[in-house]
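Shown below: work.pdb, with PDB, C-alpha atoms and all ligand atoms.
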```pdb
ATOM      1  CA  MET A 630     206.533  18.113 239.460
ATOM      2  CA  THR A 631     204.184  15.551 240.808
ATOM      3  CA  SER A 632     203.908  14.128 244.249
ATOM      4  CA  ALA A 633     202.915  10.530 244.782
ATOM      5  CA  PHE A 634     201.230   9.296 247.908
ATOM      6  CA  ILE A 635     199.714   6.025 248.933
ATOM      7  CA  THR A 636     196.051   5.784 249.791
ATOM      8  CA  ARG A 637     195.393   2.517 251.549
ATOM      9  CA  ARG A 638     191.695   3.097 250.861
ATOM     10  CA  ALA A 639     190.680   5.664 248.272
ATOM     11  CA  THR A 640     188.177   8.214 249.508
ATOM     12  CA  PRO A 641     184.978   8.768 247.486
ATOM     13  CA  ASP A 642     186.510  12.045 246.227
ATOM     14  CA  GLU A 643     189.618  10.195 245.081
ATOM     15  CA  ARG A 644     187.519   7.654 243.182
ATOM     16  CA  VAL A 645     185.708  10.527 241.450
ATOM     17  CA  ALA A 646     189.095  12.048 240.552
ATOM     18  CA  LEU A 647     190.223   8.665 239.198
ATOM     19  CA  ASP A 648     187.075   8.426 237.022
ATOM     20  CA  LYS A 649     187.829  11.916 235.682
ATOM     21  CA  LEU A 650     191.403  10.928 234.912
ATOM     22  CA  ALA A 651     190.113   7.898 232.951
ATOM     23  CA  ALA A 652     187.620  10.104 231.072
ATOM     24  CA  LYS A 653     190.352  12.615 230.163
ATOM     25  CA  CYS A 654     192.635   9.834 228.908
ATOM     26  CA  LEU A 655     189.808   8.343 226.804
ATOM     27  CA  ASP A 656     188.832  11.777 225.444
ATOM     28  CA  ALA A 657     192.387  12.523 224.404
ATOM     29  CA  HIS A 658     193.601   9.185 223.025
ATOM     30  CA  GLY A 659     190.712   6.729 223.121
ATOM     31  CA  GLY A 660     190.413   3.187 224.399
ATOM     32  CA  LEU A 661     187.654   0.863 225.521
ATOM     33  CA  PRO A 662     184.692   2.724 227.068
ATOM     34  CA  GLN A 663     184.556   0.039 229.791
ATOM     35  CA  LEU A 664     187.231   2.106 231.517
ATOM     36  CA  LEU A 665     184.367   4.356 232.668
ATOM     37  CA  ASP A 666     182.392   1.428 234.082
ATOM     38  CA  PRO A 667     182.710   1.620 237.902
ATOM     39  CA  ASP A 668     183.063  -2.174 238.306
ATOM     40  CA  PHE A 669     185.738  -2.395 235.601
ATOM     41  CA  ALA A 670     187.580   0.611 237.067
ATOM     42  CA  ALA A 671     187.387  -0.825 240.596
ATOM     43  CA  ALA A 672     188.898  -4.126 239.389
ATOM     44  CA  LEU A 673     191.710  -2.309 237.544
ATOM     45  CA  PHE A 674     192.401   0.116 240.376
ATOM     46  CA  PRO A 675     191.605  -1.663 243.645
ATOM     47  CA  ASP A 676     191.465   0.598 246.694
ATOM     48  CA  ASP A 677     193.907  -1.355 248.795
ATOM     49  CA  ALA A 678     197.030  -0.909 246.632
ATOM     50  CA  LEU A 679     196.498   2.356 244.841
ATOM     51  CA  ILE A 680     198.870   5.239 244.263
ATOM     52  CA  LEU A 681     197.631   8.566 242.985
ATOM     53  CA  CYS A 682     200.043  11.137 241.561
ATOM     54  CA  ARG A 683     199.031  14.778 241.690
ATOM     55  CA  ASP A 684     200.661  17.876 240.295
ATOM     56  CA  ALA A 685     201.399  21.075 242.208
ATOM     57  CA  THR A 686     197.789  22.200 241.714
ATOM     58  CA  GLN A 687     196.552  18.903 243.197
ATOM     59  CA  GLN A 688     195.212  17.746 239.851
ATOM     60  CA  LEU A 689     195.392  13.964 239.468
ATOM     61  CA  VAL A 690     197.879  13.247 236.664
ATOM     62  CA  ALA A 691     198.545   9.517 237.022
ATOM     63  CA  ALA A 692     197.172   6.471 238.808
ATOM     64  CA  LEU A 693     198.904   3.190 239.525
ATOM     65  CA  ALA A 694     197.540   0.077 241.237
ATOM     66  CA  LEU A 695     198.933  -3.339 242.025
ATOM     67  CA  THR A 696     196.366  -5.898 240.838
ATOM     68  CA  HIS A 697     198.174  -9.165 241.570
ATOM     69  CA  GLU A 698     201.559 -10.876 241.933
ATOM     70  CA  SER A 699     203.085 -14.155 240.778
ATOM     71  CA  ASP A 700     206.314 -15.706 242.085
ATOM     72  CA  ASP A 701     208.556 -13.306 240.176
ATOM     73  CA  SER A 702     206.209 -10.723 238.643
ATOM     74  CA  ALA A 703     203.996  -7.889 239.813
ATOM     75  CA  PHE A 704     201.025  -6.779 237.705
ATOM     76  CA  PHE A 705     199.952  -3.146 237.740
ATOM     77  CA  SER A 706     197.289  -0.983 236.112
ATOM     78  CA  LEU A 707     198.435   2.440 234.999
ATOM     79  CA  LEU A 708     196.916   5.623 233.612
ATOM     80  CA  ILE A 709     198.951   8.701 232.750
ATOM     81  CA  LEU A 710     197.353  11.989 231.733
ATOM     82  CA  PRO A 711     198.641  12.857 228.230
ATOM     83  CA  THR A 712     199.274  16.507 229.190
ATOM     84  CA  VAL A 713     201.379  15.802 232.289
ATOM     85  CA  THR A 714     204.805  17.443 232.358
ATOM     86  CA  GLY A 715     207.933  16.515 234.304
ATOM     87  CA  ASP A 716     209.610  13.200 234.974
ATOM     88  CA  ILE A 717     206.531  11.120 235.626
ATOM     89  CA  ALA A 718     208.365   7.875 234.820
ATOM     90  CA  THR A 719     210.762   8.121 237.788
ATOM     91  CA  GLU A 720     207.856   8.710 240.138
ATOM     92  CA  ILE A 721     205.725   5.924 238.707
ATOM     93  CA  PHE A 722     208.560   3.399 238.948
ATOM     94  CA  ALA A 723     209.473   4.477 242.491
ATOM     95  CA  ALA A 724     205.816   4.215 243.461
ATOM     96  CA  ALA A 725     205.523   0.755 241.886
ATOM     97  CA  GLU A 726     208.481  -0.434 243.961
ATOM     98  CA  THR A 727     206.721   0.633 247.160
ATOM     99  CA  LEU A 728     203.809  -1.648 246.212
ATOM    100  CA  SER A 729     205.844  -4.703 245.186
ATOM    101  CA  THR A 730     209.497  -5.720 245.029
ATOM    102  CA  ARG A 731     208.960  -8.508 242.476
ATOM    103  CA  ARG A 732     211.762  -8.494 239.893
ATOM    104  CA  VAL A 733     209.509  -8.232 236.823
ATOM    105  CA  GLN A 734     206.952  -5.447 236.671
ATOM    106  CA  ILE A 735     204.118  -5.640 234.146
ATOM    107  CA  PHE A 736     202.054  -2.493 233.580
ATOM    108  CA  ARG A 737     198.639  -2.721 231.903
ATOM    109  CA  CYS A 738     197.511   0.505 230.282
ATOM    110  CA  GLU A 739     194.003   0.621 228.789
ATOM    111  CA  SER A 740     194.418   4.066 227.217
ATOM    112  CA  VAL A 741     197.904   4.563 225.822
ATOM    113  CA  ASN A 742     199.159   8.028 224.875
ATOM    114  CA  PRO A 743     202.606   9.391 223.960
ATOM    115  CA  ARG A 744     203.384  10.196 227.609
ATOM    116  CA  THR A 745     202.868   6.533 228.504
ATOM    117  CA  THR A 746     205.185   5.261 225.787
ATOM    118  CA  ASP A 747     207.775   7.994 226.581
ATOM    119  CA  ALA A 748     207.790   6.896 230.208
ATOM    120  CA  PHE A 749     208.723   3.336 229.248
ATOM    121  CA  SER A 750     211.002   3.890 226.274
ATOM    122  CA  PRO A 751     214.272   4.197 228.240
ATOM    123  CA  ALA A 752     213.325   1.832 231.050
ATOM    124  CA  GLY A 753     211.181  -0.949 229.663
ATOM    125  CA  GLU A 754     209.562  -2.495 226.636
ATOM    126  CA  GLN A 755     206.065  -2.515 225.194
ATOM    127  CA  PHE A 756     205.561  -6.260 224.688
ATOM    128  CA  PHE A 757     201.860  -6.407 223.861
ATOM    129  CA  SER A 758     199.810  -3.812 222.071
ATOM    130  CA  GLU A 759     196.330  -3.795 220.588
ATOM    131  CA  TYR A 760     194.321  -1.246 218.664
ATOM    132  CA  VAL A 761     190.838  -0.642 219.972
ATOM    133  CA  MET A 762     188.513  -0.422 216.952
ATOM    134  CA  SER A 763     184.859   0.527 216.684
ATOM    135  CA  ARG A 764     182.061   1.192 214.223
ATOM    136  CA  PRO A 765     178.337   1.957 214.507
ATOM    137  CA  THR A 766     176.138  -1.146 214.338
ATOM    138  CA  HIS A 767     173.771   0.486 211.845
ATOM    139  CA  GLY A 768     174.527   1.021 208.164
ATOM    140  CA  MET A 769     176.474  -2.199 207.541
ATOM    141  CA  VAL A 770     176.440  -3.305 203.919
ATOM    142  CA  PRO A 771     174.656  -6.682 203.926
ATOM    143  CA  VAL A 772     176.664  -9.638 202.612
ATOM    144  CA  ASP A 773     175.453 -12.829 201.038
ATOM    145  CA  PHE A 774     175.909 -15.510 203.673
ATOM    146  CA  SER A 775     176.750 -18.595 201.651
ATOM    147  CA  ASN A 776     178.176 -20.773 204.434
ATOM    148  CA  PRO A 777     175.703 -22.048 207.019
ATOM    149  CA  THR A 778     176.461 -20.836 210.540
ATOM    150  CA  HIS A 779     175.469 -22.309 213.849
ATOM    151  CA  PRO A 780     175.090 -20.702 217.264
ATOM    152  CA  TRP A 781     177.067 -21.700 220.345
ATOM    153  CA  THR A 782     175.467 -24.615 222.168
ATOM    154  CA  ASP A 783     177.004 -27.189 224.495
ATOM    155  CA  ASP A 784     176.981 -29.646 221.565
ATOM    156  CA  ASN A 785     178.509 -27.161 219.087
ATOM    157  CA  ALA A 786     181.191 -25.775 221.406
ATOM    158  CA  PRO A 787     183.830 -28.342 220.201
ATOM    159  CA  LEU A 788     183.258 -27.112 216.603
ATOM    160  CA  PHE A 789     184.034 -23.567 217.752
ATOM    161  CA  PHE A 790     187.160 -24.864 219.462
ATOM    162  CA  ALA A 791     188.282 -26.657 216.274
ATOM    163  CA  ALA A 792     187.777 -23.411 214.317
ATOM    164  CA  TYR A 793     189.685 -21.450 216.984
ATOM    165  CA  GLN A 794     192.578 -23.889 217.045
ATOM    166  CA  GLY A 795     192.796 -24.057 213.234
ATOM    167  CA  SER A 796     192.694 -20.271 212.869
ATOM    168  CA  PHE A 797     195.042 -19.255 215.652
ATOM    169  CA  ARG A 798     197.581 -22.089 215.777
ATOM    170  CA  GLU A 799     200.061 -20.164 213.635
ATOM    171  CA  ARG A 800     199.664 -16.818 215.468
ATOM    172  CA  PRO A 801     202.682 -15.718 217.564
ATOM    173  CA  GLY A 802     202.263 -16.652 221.226
ATOM    174  CA  PHE A 803     199.376 -19.086 220.566
ATOM    175  CA  PRO A 804     198.532 -20.276 224.095
ATOM    176  CA  ASP A 805     197.397 -23.758 222.947
ATOM    177  CA  PRO A 806     194.703 -24.281 225.588
ATOM    178  CA  SER A 807     192.901 -27.600 225.932
ATOM    179  CA  GLN A 808     189.347 -27.764 224.550
ATOM    180  CA  GLU A 809     187.945 -27.824 228.095
ATOM    181  CA  GLU A 810     189.951 -24.804 229.222
ATOM    182  CA  TRP A 811     189.046 -22.766 226.158
ATOM    183  CA  ILE A 812     185.314 -23.544 226.339
ATOM    184  CA  ALA A 813     185.254 -22.791 230.076
ATOM    185  CA  ASP A 814     186.949 -19.412 229.424
ATOM    186  CA  GLN A 815     184.258 -18.380 226.920
ATOM    187  CA  VAL A 816     181.183 -19.378 228.909
ATOM    188  CA  GLU A 817     182.562 -17.846 232.110
ATOM    189  CA  SER A 818     181.566 -14.349 230.962
ATOM    190  CA  GLU A 819     178.050 -13.311 231.927
ATOM    191  CA  GLU A 820     177.896 -11.146 228.782
ATOM    192  CA  PHE A 821     178.736 -13.963 226.358
ATOM    193  CA  HIS A 822     176.071 -14.132 223.597
ATOM    194  CA  ARG A 823     175.638 -17.810 222.729
ATOM    195  CA  GLU A 824     172.967 -17.218 220.076
ATOM    196  CA  TRP A 825     174.999 -14.556 218.251
ATOM    197  CA  SER A 826     178.339 -16.320 218.393
ATOM    198  CA  ARG A 827     178.597 -18.379 215.242
ATOM    199  CA  VAL A 828     180.678 -21.124 213.676
ATOM    200  CA  ALA A 829     180.670 -21.437 209.860
ATOM    201  CA  LEU A 830     180.753 -24.966 208.444
ATOM    202  CA  ASP A 831     181.338 -26.265 204.927
ATOM    203  CA  GLU A 832     178.925 -28.727 203.312
ATOM    204  CA  SER A 833     180.662 -31.664 205.017
ATOM    205  CA  GLY A 834     180.356 -30.044 208.450
ATOM    206  CA  THR A 835     184.026 -29.022 208.752
ATOM    207  CA  PRO A 836     184.497 -25.764 210.725
ATOM    208  CA  LEU A 837     185.764 -22.922 208.482
ATOM    209  CA  GLY A 838     185.675 -20.021 210.890
ATOM    210  CA  PHE A 839     184.018 -18.635 213.994
ATOM    211  CA  VAL A 840     183.093 -15.417 215.735
ATOM    212  CA  LEU A 841     182.398 -14.872 219.433
ATOM    213  CA  VAL A 842     180.233 -11.988 220.621
ATOM    214  CA  ASP A 843     180.488 -10.757 224.195
ATOM    215  CA  ASP A 844     178.663  -7.698 225.546
ATOM    216  CA  ASP A 845     179.186  -5.094 222.790
ATOM    217  CA  GLN A 846     182.416  -6.639 221.500
ATOM    218  CA  ILE A 847     183.521  -8.925 218.721
ATOM    219  CA  TRP A 848     185.453 -10.918 221.253
ATOM    220  CA  GLN A 849     187.332 -13.344 219.031
ATOM    221  CA  MET A 850     187.153 -14.445 215.416
ATOM    222  CA  GLY A 851     189.199 -16.505 212.999
ATOM    223  CA  VAL A 852     189.125 -18.410 209.737
ATOM    224  CA  ILE A 853     191.174 -21.561 209.063
ATOM    225  CA  PRO A 854     194.036 -20.974 206.574
ATOM    226  CA  ALA A 855     192.465 -23.113 203.801
ATOM    227  CA  ALA A 856     189.292 -20.975 203.804
ATOM    228  CA  ARG A 857     190.900 -17.499 203.925
ATOM    229  CA  ARG A 858     190.385 -14.716 201.365
ATOM    230  CA  GLN A 859     187.024 -16.182 200.348
ATOM    231  CA  GLY A 860     184.864 -13.782 202.325
ATOM    232  CA  VAL A 861     184.188 -16.052 205.335
ATOM    233  CA  GLY A 862     185.699 -13.561 207.801
ATOM    234  CA  ARG A 863     183.702 -10.670 206.355
ATOM    235  CA  GLN A 864     180.498 -12.706 206.514
ATOM    236  CA  LEU A 865     181.007 -13.684 210.163
ATOM    237  CA  LEU A 866     181.975 -10.157 211.132
ATOM    238  CA  THR A 867     179.023  -8.565 209.333
ATOM    239  CA  HIS A 868     176.705 -11.047 210.982
ATOM    240  CA  ALA A 869     178.112 -10.210 214.420
ATOM    241  CA  VAL A 870     177.769  -6.448 213.923
ATOM    242  CA  HIS A 871     174.124  -6.899 212.815
ATOM    243  CA  ALA A 872     173.547  -9.051 215.888
ATOM    244  CA  LEU A 873     174.923  -6.363 218.193
ATOM    245  CA  GLY A 874     172.605  -3.837 216.513
ATOM    246  CA  ALA A 875     169.663  -6.191 217.077
ATOM    247  CA  LEU A 876     170.674  -6.361 220.741
ATOM    248  CA  GLY A 877     170.368  -2.558 220.922
ATOM    249  CA  LYS A 878     174.108  -1.770 221.044
ATOM    250  CA  PRO A 879     174.845   1.460 219.138
ATOM    251  CA  ASP A 880     178.495   0.575 218.483
ATOM    252  CA  ALA A 881     180.491  -2.595 217.953
ATOM    253  CA  TRP A 882     183.945  -2.814 219.556
ATOM    254  CA  LEU A 883     186.948  -5.056 219.121
ATOM    255  CA  ASN A 884     190.661  -5.275 219.935
ATOM    256  CA  VAL A 885     193.284  -6.337 217.439
ATOM    257  CA  ASN A 886     197.004  -6.853 217.872
ATOM    258  CA  LEU A 887     199.176  -4.254 216.097
ATOM    259  CA  ASN A 888     201.120  -7.160 214.554
ATOM    260  CA  ASN A 889     198.034  -8.557 212.763
ATOM    261  CA  PRO A 890     197.715  -6.658 209.455
ATOM    262  CA  ALA A 891     195.312  -9.211 207.888
ATOM    263  CA  ALA A 892     192.772  -8.791 210.679
ATOM    264  CA  ILE A 893     193.199  -4.991 210.719
ATOM    265  CA  ALA A 894     192.568  -4.952 206.952
ATOM    266  CA  LEU A 895     189.439  -7.088 207.401
ATOM    267  CA  TYR A 896     188.076  -4.786 210.107
ATOM    268  CA  GLU A 897     188.835  -1.640 208.116
ATOM    269  CA  SER A 898     187.203  -3.193 205.046
ATOM    270  CA  VAL A 899     183.858  -3.227 206.871
ATOM    271  CA  GLY A 900     184.215   0.259 208.351
ATOM    272  CA  PHE A 901     185.887  -0.254 211.742
ATOM    273  CA  GLU A 902     188.200   2.589 212.767
ATOM    274  CA  VAL A 903     191.039   2.729 215.263
ATOM    275  CA  VAL A 904     189.829   4.627 218.336
ATOM    276  CA  GLY A 905     192.604   3.914 220.799
ATOM    277  CA  GLN A 906     195.399   1.657 221.896
ATOM    278  CA  ARG A 907     195.866  -0.607 224.916
ATOM    279  CA  SER A 908     199.247  -2.037 225.830
ATOM    280  CA  ARG A 909     201.287  -3.956 228.359
ATOM    281  CA  PHE A 910     204.744  -2.696 229.311
ATOM    282  CA  ARG A 911     207.460  -4.704 231.017
ATOM    283  CA  ARG A 912     210.306  -3.537 233.211
ATOM    284  CA  GLU A 913     212.817  -5.307 235.469
ATOM    285  CA  ILE A 914     214.129  -3.965 238.755
TER     286      ILE A 914
HETATM  287  C1  LIG B   1     191.896 -12.127 209.843
HETATM  288  C2  LIG B   1     191.096 -13.293 209.256
HETATM  289  C3  LIG B   1     189.942 -13.605 210.218
HETATM  290  C4  LIG B   1     190.524 -12.887 207.876
HETATM  291  O1  LIG B   1     189.598 -13.866 207.457
HETATM  292  P1  LIG B   1     189.251 -14.093 205.900
HETATM  293  O2  LIG B   1     188.106 -15.021 205.815
HETATM  294  O3  LIG B   1     190.497 -14.481 205.167
HETATM  295  O4  LIG B   1     188.839 -12.622 205.435
HETATM  296  P2  LIG B   1     187.948 -12.250 204.161
HETATM  297  O5  LIG B   1     188.238 -13.228 203.057
HETATM  298  O6  LIG B   1     186.542 -12.124 204.558
HETATM  299  O7  LIG B   1     188.573 -10.829 203.776
HETATM  300  C5  LIG B   1     187.805  -9.649 203.754
HETATM  301  C6  LIG B   1     188.739  -8.486 203.474
HETATM  302  O8  LIG B   1     189.678  -8.341 204.552
HETATM  303  C7  LIG B   1     190.949  -7.917 204.019
HETATM  304  N1  LIG B   1     191.931  -8.981 204.246
HETATM  305  C8  LIG B   1     191.708 -10.216 204.770
HETATM  306  N2  LIG B   1     192.872 -10.913 204.860
HETATM  307  C9  LIG B   1     193.834 -10.103 204.378
HETATM  308  C10 LIG B   1     195.248 -10.260 204.187
HETATM  309  N3  LIG B   1     195.892 -11.392 204.538
HETATM  310  N4  LIG B   1     195.930  -9.218 203.683
HETATM  311  C11 LIG B   1     195.315  -8.077 203.331
HETATM  312  N5  LIG B   1     193.970  -7.868 203.456
HETATM  313  C12 LIG B   1     193.242  -8.872 203.976
HETATM  314  C13 LIG B   1     190.722  -7.690 202.544
HETATM  315  O9  LIG B   1     190.269  -6.353 202.403
HETATM  316  C14 LIG B   1     189.600  -8.666 202.252
HETATM  317  O10 LIG B   1     188.854  -8.314 201.103
HETATM  318  P3  LIG B   1     189.332  -8.872 199.658
HETATM  319  O11 LIG B   1     189.660 -10.325 199.815
HETATM  320  O12 LIG B   1     188.128  -8.604 198.809
HETATM  321  O13 LIG B   1     190.531  -8.056 199.290
HETATM  322  C15 LIG B   1     192.007 -14.540 209.056
HETATM  323  O14 LIG B   1     193.163 -14.139 208.328
HETATM  324  C16 LIG B   1     192.446 -15.209 210.346
HETATM  325  O15 LIG B   1     191.719 -16.015 210.885
HETATM  326  N6  LIG B   1     193.651 -14.896 210.866
HETATM  327  C17 LIG B   1     194.177 -15.568 212.072
HETATM  328  C18 LIG B   1     193.316 -15.346 213.295
HETATM  329  C19 LIG B   1     193.147 -13.883 213.571
HETATM  330  O16 LIG B   1     194.082 -13.116 213.433
HETATM  331  N7  LIG B   1     191.957 -13.471 214.024
HETATM  332  C20 LIG B   1     191.666 -12.099 214.347
HETATM  333  C21 LIG B   1     192.172 -11.782 215.684
HETATM  334  S1  LIG B   1     191.729 -10.172 216.206
END
```

Show the structure stored in the file as structure tokens.
Ligand SMILES: CC(C)(COP(=O)(O)OP(=O)(O)OC[C@H]1O[C@@H](n2cnc3c(N)ncnc32)[C@H](O)[C@@H]1OP(=O)(O)O)[C@@H](O)C(=O)NCCC(=O)NCCS
Amino acid sequence: MTSAFITRRATPDERVALDKLAAKCLDAHGGLPQLLDPDFAAALFPDDALILCRDATQQLVAALALTHESDDSAFFSLLILPTVTGDIATEIFAAAETLSTRRVQIFRCESVNPRTTDAFSPAGEQFFSEYVMSRPTHGMVPVDFSNPTHPWTDDNAPLFFAAYQGSFRERPGFPDPSQEEWIADQVESEEFHREWSRVALDESGTPLGFVLVDDDQIWQMGVIPAARRQGVGRQLLTHAVHALGALGKPDAWLNVNLNNPAAIALYESVGFEVVGQRSRFRREI
């Protein structure tokens, strides 16, 4: 059995234990390596609303943190050790209710394993799930780049937006942001690579597709329906992986929704492999 307790401010030892828990989860079932970045981990698991669950030997087996609340929902980060035994779900849900009494509880898990999905299967639903995929940046087969591409500049940003809107409009849950909102979201990141993010245009200057590169990730890419299955996606992706290699990144990373077989097939066709899963779970109290 586990015992949960609230730490209103995690001690340095507890933060070390939390880092180890993240490393064990990544080792066992993968996920984005950013989970080991102290700033990323601190944002996911803030000290002031953190619950750590330990087993009888005092080993940390799960961590839960409230990150924010809206009028009716509470948003949590969660990590569960894949080897934990016992009824961890009851303890996690009871712990969550001590942090917030909002009716809807959303749990973000950056390294999903069978224990995580077991915990939610009777009590909640997995409503968003992405594979984490990766490949080395070296050894890409070069492709002939027949469509001219252009880097992100203030002048070109609306062309990227047109490519984004055309490519994603039909995807389930398309958020339909305004051009201003979408552009502001991209340039907000300090790691956004303007030079290596590219929009492909046809000879008349119409946007065919785009790729955005951020830190060591292919952050977003898409091709408009009329230009699909002509190699535009593969060209943009290959270009982006080369760019990450030129920036000194050993591996390229990306996330792709489990319900997007076309994109998964594209990524696999250039050597990306699934190295983990990240999900959001939803439960009502
Ligand atoms: C996924 C997407 C970018 C693919 O772009 P594309 O230009 O059509 O891809 P390519 O023509 O370069 O395809 C390269 C390979 O990917 C695979 N592939 C691409 N689309 C596929 C599909 N619909 N079904 C099966 N395999 C597919 C194939 O292996 C293909 O090689 P082939 O045509 O020689 O068989 C495009 O479908 C798209 O924009 N979808 C909507 C937005 C989106 O989902 N973006 C990715 C979010 S993570």

| query | atom CA of Val770 of chain A to atom CA of Tyr793 of chain A: how many Å, to one decimal? | reply |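 Taking atom CA of Val770 of chain A and atom CA of Tyr793 of chain A, their separation equals 26.0 Å.
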
Residues of chain A at most 7 Å from ligand LIG 1 (chain B): nearest atom pair and distance in Å, all atoms listed in the file, as a Markdown table:
```
| residue | atom | partner | partner_atom | distance |
| --- | --- | --- | --- | --- |
| A:Ser796 | CA | B:LIG1 | O15 | 4.8 |
| A:Phe797 | CA | B:LIG1 | C18 | 4.9 |
| A:Arg800 | CA | B:LIG1 | C17 | 6.6 |
| A:Gln849 | CA | B:LIG1 | C21 | 6.1 |
| A:Met850 | CA | B:LIG1 | N7 | 5.1 |
| A:Gly851 | CA | B:LIG1 | O15 | 3.3 |
| A:Val852 | CA | B:LIG1 | O15 | 3.7 |
| A:Ile853 | CA | B:LIG1 | O15 | 5.9 |
| A:Pro854 | CA | B:LIG1 | O15 | 7.0 |
| A:Ala856 | CA | B:LIG1 | O2 | 6.4 |
| A:Arg857 | CA | B:LIG1 | O3 | 3.3 |
| A:Arg858 | CA | B:LIG1 | O5 | 3.1 |
| A:Gln859 | CA | B:LIG1 | O5 | 4.2 |
| A:Gly860 | CA | B:LIG1 | O6 | 3.2 |
| A:Val861 | CA | B:LIG1 | O2 | 4.1 |
| A:Gly862 | CA | B:LIG1 | O2 | 3.4 |
| A:Arg863 | CA | B:LIG1 | O6 | 3.7 |
| A:Gln864 | CA | B:LIG1 | O6 | 6.4 |
| A:Asn884 | CA | B:LIG1 | S1 | 6.2 |
| A:Val885 | CA | B:LIG1 | S1 | 4.3 |
| A:Asn886 | CA | B:LIG1 | S1 | 6.5 |
| A:Asn889 | CA | B:LIG1 | O16 | 6.1 |
| A:Pro890 | CA | B:LIG1 | N4 | 6.6 |
| A:Ala891 | CA | B:LIG1 | C10 | 3.8 |
| A:Ala892 | CA | B:LIG1 | C1 | 3.5 |
| A:Ala894 | CA | B:LIG1 | C7 | 4.5 |
| A:Leu895 | CA | B:LIG1 | O8 | 3.1 |
| A:Tyr896 | CA | B:LIG1 | O8 | 6.8 |
| A:Ser898 | CA | B:LIG1 | O9 | 5.1 |
```

| request: Would you write out, as a PyMOL selection string, every residue that the PyMOL selection byres (((chain A and resi 881) around 6) and not hetatm) captures in this file? | output: chain A and resi 763-764+766+845-846+880+882

| Selection under test: the PyMOL selection byres (((chain A and resi 780) around 7) and not hetatm); residues as a PyMOL selection string | chain A and resi 778-779+781-782+823-828

Kindly export the residues of the current selection with C-alpha atoms, as an mmCIF file, in the coordinates of the input.
```
data_model
loop_
_atom_site.group_PDB
_atom_site.id
_atom_site.type_symbol
_atom_site.label_atom_id
_atom_site.label_comp_id
_atom_site.auth_asym_id
_atom_site.auth_seq_id
_atom_site.Cartn_x
_atom_site.Cartn_y
_atom_site.Cartn_z
ATOM 1 C CA THR A 778 176.461 -20.836 210.540
ATOM 2 C CA HIS A 779 175.469 -22.309 213.849
ATOM 3 C CA TRP A 781 177.067 -21.700 220.345
ATOM 4 C CA THR A 782 175.467 -24.615 222.168
ATOM 5 C CA ARG A 823 175.638 -17.810 222.729
ATOM 6 C CA GLU A 824 172.967 -17.218 220.076
ATOM 7 C CA TRP A 825 174.999 -14.556 218.251
ATOM 8 C CA SER A 826 178.339 -16.320 218.393
ATOM 9 C CA ARG A 827 178.597 -18.379 215.242
ATOM 10 C CA VAL A 828 180.678 -21.124 213.676
#
```

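Using all atoms listed in the file for every distance, the candidate list A:Pro743, A:Pro667, A:Pro804, A:Pro765 yields A:Pro765 as the residue closest to Glu902 of chain A.
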
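Distance-wise, atom CA of Pro836 of chain A and atom CA of Gln808 of chain A end up 14.8 Å apart.
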
| query | Hey, can you check how far atom CA of Leu693 of chain A sits from atom CA of His658 of chain A? | reply |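 Between atom CA of Leu693 of chain A and atom CA of His658 of chain A the gap is 18.3 Å.
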
Contacts of Arg744 of chain A within 9 Å, only C-alpha atoms, excl. fewer than 5 positions in-chain, as a PDB file with C-alpha atoms, in the coordinates of the input:
```
ATOM      1  CA  ILE A 709     198.951   8.701 232.750  1.00  0.00           C
ATOM      2  CA  LEU A 710     197.353  11.989 231.733  1.00  0.00           C
ATOM      3  CA  PRO A 711     198.641  12.857 228.230  1.00  0.00           C
ATOM      4  CA  THR A 712     199.274  16.507 229.190  1.00  0.00           C
ATOM      5  CA  VAL A 713     201.379  15.802 232.289  1.00  0.00           C
ATOM      6  CA  THR A 714     204.805  17.443 232.358  1.00  0.00           C
ATOM      7  CA  ILE A 717     206.531  11.120 235.626  1.00  0.00           C
ATOM      8  CA  PHE A 749     208.723   3.336 229.248  1.00  0.00           C
TER       9      PHE A 749
END
```

Which polymer residues have any atom within 8 Å of an atom of Leu865 of chain A, counting all atoms listed in the file, with same-chain residues fewer than 5 positions away left out, as a PDB file with C-alpha atoms, keeping the file's coordinate frame?
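Output saved as selection-v9.pdb:
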```pdb
ATOM      1  CA  ARG A 827     178.597 -18.379 215.242  1.00  0.00           C
ATOM      2  CA  ALA A 829     180.670 -21.437 209.860  1.00  0.00           C
ATOM      3  CA  GLY A 838     185.675 -20.021 210.890  1.00  0.00           C
ATOM      4  CA  PHE A 839     184.018 -18.635 213.994  1.00  0.00           C
ATOM      5  CA  VAL A 840     183.093 -15.417 215.735  1.00  0.00           C
TER       6      VAL A 840
END
```
